Amino acid sequence: MYFIKTPTLLKNIFPQQVWSIPVPDKSVFLTFDDGPTPGVTEWVLDTLKKFGAKATFFLVGNNAKNNPELVERIVSEGHSIGNHTFNHLNGWRTPLSTYSKSALKCGEVVPGNLFRPPYGRITRAQTRRLGNRFKIIMWDVLSGDFDTELPKQKVVKNVLNNTESGSIVVFHDSAKAEPRLKYALPRVLNYLKDEGYSFKPIELK
């Protein structure tokens with residue numbers, strides 16, 4: 001089970017984490033987790049460029065290490081990058097020291113101060129430890145593109161029915177999500193752009 005729209009209660013329980021970003025205009029923050037993935041990430045970048053959209057990519061350190069040219073392209077095209085641990089660890093199942101070391105190891109190949117916990121699972125102790133080094137970025141809207149049982153049309157509806165100004169939206173540039181991502185992303189970009197939205201990278205100090 002997972003929430004498409006993050007409940008306000010959850011945001012209030014974990015106020016130190018970033019769930020959305022207040023903005024003065026109609027803009028949203030598209031994010032892509034688990035890459036870079038050869039064949040998928042390039043397609044995402046091409047699609048974003050077509051719509052004049054900027055986004056944020058939360059990169060798994062091992063993937064970034066193995067695909068430095070994709071990391072370079074993401075950054076050179078004006079997108080932000082963030083840390084997604086080195087080995088895509090589930091924080092609820094990982095000791096504090098192991099989790100912290102994985103985040104720091106990822107930081108060696110994925111510079112910057114943005115961090116997103118894989119699966120959105122992070123303990124309070126991990127939050128305190130990493131919060132001294134990173135802005136912990138969660139989300140307001142989960143597309144569900146990772147769900148192999150979810151119809152691709154529902155992924156589009158999940159995003160369009162729940163996105164508003166300042167929303168942080170999650171997609172995945174992964175092989176698992178690819179079939180639903182390739183259907184949903186162009187339709188989401190086209191609709192929101194027609195509605196007057198712009199798409200910005202996450203940049204927090």
# chains A, B, ... in the order shown; residues from 1 in each chain; ligands from 1

call {"tool": "residues_around", "arguments": {"residues": "segment 101-114 of chain A", "least_positions_apart": "5", "cutoff": "6 Å", "atoms": "only C-alpha atoms", "output": "list in words"}}
result
Gly61, Gly82, Thr85, Phe86, Phe134 and Lys135 of chain A

call {"tool": "residues_around", "arguments": {"residues": "Leu70 of chain A", "least_positions_apart": "6", "cutoff": "10 Å", "atoms": "only C-alpha atoms", "output": "MDAnalysis selection string"}}
result
chainID A and resid 35:38 41:42 45 63:64 76

call {"tool": "closest_residue", "arguments": {"among": "A:Val18, A:Val28, A:Leu96, A:Leu9", "to": "Lys193 of chain A", "atoms": "only C-alpha atoms"}}
result
A:Val28

call {"tool": "atom_distance", "arguments": {"atom1": "atom CA of Ala125 of chain A", "atom2": "atom CA of Phe14 of chain A"}}
result
12.3 Å

call {"tool": "residues_around", "arguments": {"residues": "Asn190 of chain A", "least_positions_apart": "5", "cutoff": "9 Å", "atoms": "only C-alpha atoms", "output": "VMD selection string"}}
result
chain A and resid 51 185 195

call {"tool": "write_last_selection", "arguments": {"atoms": "N, CA and C atoms", "output": "mmCIF file, in the first residue's frame"}}
result
data_model
loop_
_atom_site.group_PDB
_atom_site.id
_atom_site.type_symbol
_atom_site.label_atom_id
_atom_site.label_comp_id
_atom_site.auth_asym_id
_atom_site.auth_seq_id
_atom_site.Cartn_x
_atom_site.Cartn_y
_atom_site.Cartn_z
ATOM 1 N N PHE A 51 9.717 19.620 -23.903
ATOM 2 C CA PHE A 51 8.715 20.466 -23.254
ATOM 3 C C PHE A 51 9.333 21.661 -22.515
ATOM 4 N N LEU A 185 4.643 10.236 -18.773
ATOM 5 C CA LEU A 185 5.388 11.492 -18.682
ATOM 6 C C LEU A 185 5.025 12.498 -19.774
ATOM 7 N N GLU A 195 -1.917 23.931 -18.964
ATOM 8 C CA GLU A 195 -2.594 24.566 -17.834
ATOM 9 C C GLU A 195 -1.792 25.743 -17.271
#

call {"tool": "atom_distance", "arguments": {"atom1": "atom CA of Leu160 of chain A", "atom2": "atom CA of Phe58 of chain A"}}
result
21.8 Å

call {"tool": "closest_residue", "arguments": {"among": "A:Pro95, A:Asp34, A:Ile122, A:Asn161", "to": "Tyr191 of chain A", "atoms": "only C-alpha atoms"}}
result
A:Asn161

call {"tool": "residues_around", "arguments": {"residues": "Val155 of chain A", "least_positions_apart": "5", "cutoff": "6 Å", "atoms": "only C-alpha atoms", "output": "PDB file with C-alpha atoms, in the first residue's frame"}}
result
ATOM      1  CA  SER A 143       2.874   8.698  -9.656  1.00  0.00           C
ATOM      2  CA  GLY A 144       2.872   4.951  -9.000  1.00  0.00           C
ATOM      3  CA  ASP A 145       4.864   4.260 -12.165  1.00  0.00           C
TER       4      ASP A 145
END

call {"tool": "select_by_dssp", "arguments": {"residues": "segment 119-171 of chain A", "states": "strand (DSSP E)", "output": "ChimeraX atom specification"}}
result
/A:135-136,141-142,168-171

call {"tool": "atom_distance", "arguments": {"atom1": "atom CA of Tyr99 of chain A", "atom2": "atom CA of Ile137 of chain A"}}
result
16.3 Å

call {"tool": "closest_residue", "arguments": {"among": "A:Thr31, A:Asn132, A:Gln153, A:Asn158", "to": "Lys182 of chain A", "atoms": "only C-alpha atoms"}}
result
A:Gln153
